[in-house]
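Colleague: Quick one: the structure is below, and I'll ask about it shortly.
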Protein chains: 2
Amino acid sequence: MARVLRPYRRGVAVAQVERSGSAQRVLDVALALFTEHGFDGTSLQQIADRLGVTKAAVYYHFRSKDDLLAALVDPAFAELEDLLSRTEALPRGAARQKCALSEFVDYLLRHREAAAWMSRDAAALTRPAVWERAQGTQRRLEALAAPGEDDPLSRLWGGAITQALAGAVLAQPHADEDWLRTEVAELSAHLLSGYRAARRRQG
Amino acid sequence: MARVLRPYRRGVAVAQVERSGSAQRVLDVALALFTEHGFDGTSLQQIADRLGVTKAAVYYHFRSKDDLLAALVDPAFAELEDLLSRTEALPRGAARQKCALSEFVDYLLRHREAAAWMSRDAAALTRPAVWERAQGTQRRLEALAAPGEDDPLSRLWGGAITQALAGAVLAQPHADEDWLRTEVAELSAHLLSGYRAARRRQG
DNA sequence: GTCTATAGCGCGATAGAC
DNA sequence: GTCTATCGCGCTATAGAC
């Protein structure tokens, strides 16, 4: 499919580079421990211990444990939100719709391990900092995937299409990336044709 | 679609009826508070307070807070697992596949509010008692939805189909149930035809 | 601006009396 | 079957050293 958007430029690195060295070290250690023991299974004490400082030192850089998590996932969310904004800026139509899906799939594939980790560490997902932000992007993506006047039919297909794509990618932790991209593109096209047919049926 | 399975008989009531009156009162109060403040947002102290007893009294009936949650969701899981078992017992083929999906959709519709609550209260979803059991049912459903030799293609479509159906139902908290059932049945058929086409493509 | 020391508080959980 | 008492732990908060 033709790529309508400019390639992504800002992103993962940005938000972290602006931090002090100490804060960045906290983030690195926290990420390592979270991936190893999970969010709930990692205490601020453990993070502080591995850094060789006290809990209060960690607390100086981040107001709370949730704040730390939010900082960790911010770059990935910023990337997705940026992608959504640029897609929403395109003129409405079938091209924008297809573009949204293919960009979303690329995004998922780019962050495959991270997404797989997140969907495994449900404790982290559950925190408001992550959960509520995810709700927002989810809504916007649904609206792009199944445009309409917020009617039941478009909401139904919005939910179906976005969940199907995410489910397809995440059900495949080890499949070859190019094969996956091709197959999911087929799935994507199939879903879009289904939505068009449903719209014609209902008018 | 023809209903191949016998109607469900055991279920929600069973696990709760076998309990003592006190234990049942604990479950009732816990459910009320969980739905109101979420799982994490509800302490055993609050549960005990509303019951007019102490935390320790609650602990007599349930070994842990997770145990309480497990008891709450057990009936719904038992129903789903029973449904899966009976479907798996059918001879392999397109009929079983269609049956699995329509039974699953009915199940989702039957427990719409509960499912919506669960997918909102991420903290409850995350507990091992719920999460791991859900993983199991998810796997079995995927296998029924996209049968195959555990190859990448069937796993991809298994994830896509099941997530699409759940996404479609859950994206519609207030839509009319019959309309929803009809539309989701269309979606279901569309997805199955997509899977068949993908299989033909790949051989 | 960066950290240490220390304390508070609520939580889930347990032991044992009645 | 229910209670009192208590434990240990985790996040949070503040005062103040450097």
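Each chain in the structure tokens gets a letter, A, B and so on, in the order shown; residues start at 1 in every chain, and ligands are counted from 1 in the order they appear.
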Could you work out which residues of chain D fall inside 9 Å of chain B? Count only C-alpha atoms (C1' of nucleotides), and format the result as a PDB file with N, CA, C and O atoms (P, O5', C5', C4', C3', O3' and C1' of nucleotides), in the first residue's frame.
Modeller:
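File produced: result.pdb:
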```
ATOM      1  P    DG D   1     -19.410 -22.210  59.599  1.00  0.00           P
ATOM      2  O5'  DG D   1     -19.091 -21.021  60.628  1.00  0.00           O
ATOM      3  C5'  DG D   1     -20.199 -20.535  61.316  1.00  0.00           C
ATOM      4  C4'  DG D   1     -19.777 -19.363  62.144  1.00  0.00           C
ATOM      5  C3'  DG D   1     -19.159 -18.211  61.345  1.00  0.00           C
ATOM      6  O3'  DG D   1     -19.788 -17.032  61.802  1.00  0.00           O
ATOM      7  C1'  DG D   1     -17.785 -18.753  63.168  1.00  0.00           C
ATOM      8  P    DT D   2     -19.700 -15.710  60.947  1.00  0.00           P
ATOM      9  O5'  DT D   2     -18.897 -14.739  61.910  1.00  0.00           O
ATOM     10  C5'  DT D   2     -19.408 -14.509  63.224  1.00  0.00           C
ATOM     11  C4'  DT D   2     -18.289 -14.076  64.133  1.00  0.00           C
ATOM     12  C3'  DT D   2     -17.449 -12.902  63.615  1.00  0.00           C
ATOM     13  O3'  DT D   2     -17.909 -11.704  64.223  1.00  0.00           O
ATOM     14  C1'  DT D   2     -16.180 -14.532  64.833  1.00  0.00           C
ATOM     15  P    DC D   3     -17.098 -10.336  63.964  1.00  0.00           P
ATOM     16  O5'  DC D   3     -15.946 -10.341  65.065  1.00  0.00           O
ATOM     17  C5'  DC D   3     -16.288 -10.083  66.429  1.00  0.00           C
ATOM     18  C4'  DC D   3     -15.132 -10.423  67.331  1.00  0.00           C
ATOM     19  C3'  DC D   3     -13.936  -9.492  67.215  1.00  0.00           C
ATOM     20  O3'  DC D   3     -14.100  -8.399  68.106  1.00  0.00           O
ATOM     21  C1'  DC D   3     -13.261 -11.805  67.345  1.00  0.00           C
TER      22       DC D   3
END
```
Colleague: Could you list the residues in chain B lying within 7 Å of chain A, using only C-alpha atoms, and format the result as a ChimeraX atom specification?
Modeller: /B:122-123,126,152,155-157,159-161,163-165,167-169,171-172,175,190,194
Colleague: Write the residues you've just listed into a file as an mmCIF file, in the first residue's frame, and include N, CA, C and O atoms for each of them.
Modeller:
```cif
data_model
loop_
_atom_site.group_PDB
_atom_site.id
_atom_site.type_symbol
_atom_site.label_atom_id
_atom_site.label_comp_id
_atom_site.auth_asym_id
_atom_site.auth_seq_id
_atom_site.Cartn_x
_atom_site.Cartn_y
_atom_site.Cartn_z
ATOM 1 N N ALA B 122 -9.472 -3.265 35.045
ATOM 2 C CA ALA B 122 -8.267 -3.984 34.651
ATOM 3 C C ALA B 122 -7.562 -4.617 35.839
ATOM 4 O O ALA B 122 -6.894 -5.629 35.711
ATOM 5 N N ALA B 123 -7.714 -4.008 37.006
ATOM 6 C CA ALA B 123 -7.027 -4.532 38.180
ATOM 7 C C ALA B 123 -7.512 -5.937 38.521
ATOM 8 O O ALA B 123 -6.732 -6.789 38.927
ATOM 9 N N THR B 126 -6.274 -8.600 35.981
ATOM 10 C CA THR B 126 -4.858 -8.891 36.054
ATOM 11 C C THR B 126 -4.512 -9.988 37.047
ATOM 12 O O THR B 126 -3.455 -10.590 36.969
ATOM 13 N N PRO B 152 1.243 -21.015 11.925
ATOM 14 C CA PRO B 152 1.123 -19.557 12.064
ATOM 15 C C PRO B 152 -0.188 -19.001 11.532
ATOM 16 O O PRO B 152 -0.787 -18.129 12.159
ATOM 17 N N ARG B 155 -3.092 -19.631 13.899
ATOM 18 C CA ARG B 155 -2.953 -18.855 15.130
ATOM 19 C C ARG B 155 -3.295 -17.387 14.871
ATOM 20 O O ARG B 155 -3.948 -16.727 15.661
ATOM 21 N N LEU B 156 -2.831 -16.887 13.717
ATOM 22 C CA LEU B 156 -3.124 -15.498 13.368
ATOM 23 C C LEU B 156 -4.622 -15.274 13.269
ATOM 24 O O LEU B 156 -5.171 -14.357 13.873
ATOM 25 N N TRP B 157 -5.302 -16.137 12.545
ATOM 26 C CA TRP B 157 -6.742 -15.941 12.369
ATOM 27 C C TRP B 157 -7.505 -16.283 13.641
ATOM 28 O O TRP B 157 -8.564 -15.702 13.910
ATOM 29 N N GLY B 159 -6.505 -15.599 16.649
ATOM 30 C CA GLY B 159 -6.438 -14.372 17.440
ATOM 31 C C GLY B 159 -7.328 -13.287 16.865
ATOM 32 O O GLY B 159 -8.057 -12.605 17.590
ATOM 33 N N ALA B 160 -7.310 -13.153 15.561
ATOM 34 C CA ALA B 160 -8.083 -12.102 14.907
ATOM 35 C C ALA B 160 -9.590 -12.316 15.106
ATOM 36 O O ALA B 160 -10.315 -11.392 15.485
ATOM 37 N N ILE B 161 -10.044 -13.527 14.854
ATOM 38 C CA ILE B 161 -11.484 -13.794 14.910
ATOM 39 C C ILE B 161 -12.027 -13.604 16.324
ATOM 40 O O ILE B 161 -13.023 -12.902 16.539
ATOM 41 N N GLN B 163 -10.740 -11.996 18.891
ATOM 42 C CA GLN B 163 -10.642 -10.622 19.375
ATOM 43 C C GLN B 163 -11.657 -9.730 18.677
ATOM 44 O O GLN B 163 -12.216 -8.805 19.274
ATOM 45 N N ALA B 164 -11.876 -9.984 17.405
ATOM 46 C CA ALA B 164 -12.840 -9.173 16.667
ATOM 47 C C ALA B 164 -14.243 -9.319 17.256
ATOM 48 O O ALA B 164 -14.949 -8.320 17.460
ATOM 49 N N LEU B 165 -14.637 -10.537 17.543
ATOM 50 C CA LEU B 165 -15.972 -10.755 18.093
ATOM 51 C C LEU B 165 -16.109 -10.090 19.461
ATOM 52 O O LEU B 165 -17.095 -9.390 19.733
ATOM 53 N N GLY B 167 -14.317 -7.654 20.629
ATOM 54 C CA GLY B 167 -14.249 -6.204 20.434
ATOM 55 C C GLY B 167 -15.557 -5.632 19.941
ATOM 56 O O GLY B 167 -15.987 -4.562 20.373
ATOM 57 N N ALA B 168 -16.199 -6.357 19.050
ATOM 58 C CA ALA B 168 -17.466 -5.876 18.501
ATOM 59 C C ALA B 168 -18.538 -5.800 19.577
ATOM 60 O O ALA B 168 -19.261 -4.810 19.687
ATOM 61 N N VAL B 169 -18.632 -6.830 20.382
ATOM 62 C CA VAL B 169 -19.669 -6.847 21.421
ATOM 63 C C VAL B 169 -19.367 -5.796 22.493
ATOM 64 O O VAL B 169 -20.253 -5.057 22.927
ATOM 65 N N ALA B 171 -17.628 -3.105 22.322
ATOM 66 C CA ALA B 171 -17.647 -1.713 21.883
ATOM 67 C C ALA B 171 -19.066 -1.153 21.884
ATOM 68 O O ALA B 171 -19.278 0.009 21.575
ATOM 69 N N GLN B 172 -20.017 -2.004 22.260
ATOM 70 C CA GLN B 172 -21.428 -1.634 22.159
ATOM 71 C C GLN B 172 -22.147 -1.836 23.468
ATOM 72 O O GLN B 172 -23.014 -2.705 23.586
ATOM 73 N N ALA B 175 -26.193 -1.058 22.739
ATOM 74 C CA ALA B 175 -26.958 -1.391 21.549
ATOM 75 C C ALA B 175 -27.982 -2.481 21.845
ATOM 76 O O ALA B 175 -27.803 -3.291 22.758
ATOM 77 N N HIS B 190 -18.308 -13.424 7.933
ATOM 78 C CA HIS B 190 -17.329 -12.746 7.084
ATOM 79 C C HIS B 190 -15.903 -13.159 7.450
ATOM 80 O O HIS B 190 -15.062 -13.405 6.583
ATOM 81 N N GLY B 194 -13.020 -15.236 5.335
ATOM 82 C CA GLY B 194 -11.660 -14.716 5.172
ATOM 83 C C GLY B 194 -10.614 -15.754 5.521
ATOM 84 O O GLY B 194 -9.600 -15.893 4.820
#
```
Colleague: Kindly give the distance, in Å, that separates atom CA of Ala146 of chain B and atom CA of Glu88 of chain B, rounded to a single decimal.
Modeller: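 So the two atoms, atom CA of Ala146 of chain B and atom CA of Glu88 of chain B, lie 12.7 Å apart.
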Colleague: Can you write out as JSON lines which residues of chain C fall within 9 Å of chain B, alongside each residue's closest atom pair and its distance in Å to one decimal, counting only C-alpha atoms (C1' of nucleotides) and ordering rows by chain and ascending residue number?
Modeller:
```
{"residue": "C:DC11", "atom": "C1'", "partner": "B:Ser43", "partner_atom": "CA", "distance": 7.6}
{"residue": "C:DG12", "atom": "C1'", "partner": "B:Lys65", "partner_atom": "CA", "distance": 7.8}
{"residue": "C:DA13", "atom": "C1'", "partner": "B:Ser64", "partner_atom": "CA", "distance": 7.9}
```
Colleague: Atoms to include: C-alpha atoms (C1' of nucleotides). Write the selected residues as a short mmCIF file (atom, residue, chain, number, x, y, z; two decimals), in the first residue's frame.
Modeller:
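Result file out-v4.cif:
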```
data_model
loop_
_atom_site.label_atom_id
_atom_site.label_comp_id
_atom_site.auth_asym_id
_atom_site.auth_seq_id
_atom_site.Cartn_x
_atom_site.Cartn_y
_atom_site.Cartn_z
"C1'" DC C 11 -2.83 -2.88 53.08
"C1'" DG C 12 -3.18 -8.14 53.05
"C1'" DA C 13 -2.38 -11.68 56.08
#
```
Colleague: Between atom CA of Arg140 of chain A and atom CA of Ser85 of chain A, what distance in Å does the model show, to one decimal?
Modeller: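 Atom CA of Arg140 of chain A sits 9.2 Å away from atom CA of Ser85 of chain A.
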Colleague: Between B:Arg133, B:Arg25, B:Arg181, B:Arg201, which one has atoms that come closest to Phe104 of chain B, using only C-alpha atoms?
Modeller: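 Distance minimum relative to Phe104 of chain B lands on B:Arg181.
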Colleague: Neighbouring residues of DC9 of chain C were defined as those with any atom within 12 Å, considering only C-alpha atoms (C1' of nucleotides); residues of the same chain fewer than 5 positions away were excluded. Please report them as a list in words.
Modeller: DC9, DG10, DC11, DT12 and DA13 of chain D
Colleague: If you measure from atom CA of Phe62 of chain A to atom CA of Ala23 of chain A, what distance in Å do you get, rounded to one decimal?
Modeller: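 Separation between atom CA of Phe62 of chain A and atom CA of Ala23 of chain A: 8.2 Å.
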Colleague: Would you mind telling me which residue in B:Val26, B:Met118, B:Leu109, B:Leu51 lies nearest to Phe39 of chain B when using only C-alpha atoms?
Modeller: B:Met118
Colleague: Based on the backbone DSSP call, show me all residues of segment 7-202 of chain B assigned helix (DSSP H, G or I), as a PyMOL selection string.
Modeller: chain B and resi 12-17+21-37+44-51+55-61+65-88+94-110+112-120+122-126+128-145+152-170+177-202
